[in-house]
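S.K.: Mind looking over this structure? Questions follow.
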Amino acid sequence: RPHIYLYCCIQAPKEQKSKEAKAMAAMSSSKGKKKKWSKGKNKDKVNNQVLFDKPTYEKLMSEVTKYKMITPSVLADRLRINGSLARAAINHLVEEGEIKAVSRSHSQYIYTRAGSE
């Protein structure tokens, strides 16, 4: 009688990892890392002027009167002055007749140069 040999898949025994090796493997896997919370978006603090200095006042009188749209936020952004100073500057330019009002709501004032129609 011929002998029939059965070959079965016998796996070699797994190597036993030490506790340190298991801990290192767990830390290096993606599941092992904890979620890091973001700190949120921090807006940079603007350090705007609260009083006019000479160059800023000269820029106000020369350049701002040529702007097509003049609002307190435009002045605060371009001249680096705070909002209350921008409103005071606009009132000063209106009194001198350099700019004229286009729209005035309770919250936003829009002005334009006096020469334009």
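In the structure tokens, the first chain shown is A, the next is B, and so on; residue numbers restart at 1 for each chain, and ligands run from 1 in the order shown.
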Any idea what's packed within 9 Å of A:Val50, counting only C-alpha atoms, ignoring anything in its chain fewer than 3 positions away? Could you give it as a PyMOL selection string?

M.R.: chain A and resi 81-85

S.K.: Going by DSSP on the backbone, which residues of stretch 28-105 of chain A come out as strand (DSSP E)? List them as a ChimeraX atom specification.

M.R.: /A:99-104

S.K.: Any chance you could list, as a ChimeraX atom specification, the residues in stretch 11-94 of chain A that come up helix (DSSP H, G or I) when DSSP is run on the backbone?

M.R.: /A:19-28,30-32,54-66,72-79,83-94

S.K.: Quick one: of A:Arg113, A:Lys22, A:Arg78, A:Lys68, who's nearest to A:Lys100, counting only C-alpha atoms?

M.R.: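 Nearest to A:Lys100: A:Arg113.
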
S.K.: Can you work out which one of A:Asn91, A:Asn47, A:Thr56, A:Gln108 has the shortest atom-to-atom distance to A:Thr71, counting only C-alpha atoms?

M.R.: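 Nearest candidate to A:Thr71 out of A:Asn91, A:Asn47, A:Thr56, A:Gln108: A:Gln108.
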
S.K.: Which residues come within 12 Å of stretch 88-90 of chain A, counting only C-alpha atoms, excluding same-chain residues fewer than 5 positions away, as a PyMOL selection string?

M.R.: chain A and resi 50-52+56-61+64-65+69-76+79+81-83+95-101+109-113

S.K.: So the first atom is atom CA of A:Glu63 and the second is atom CA of A:Ala86; what is the distance between them in Å, to one decimal place?

M.R.: 14.1 Å
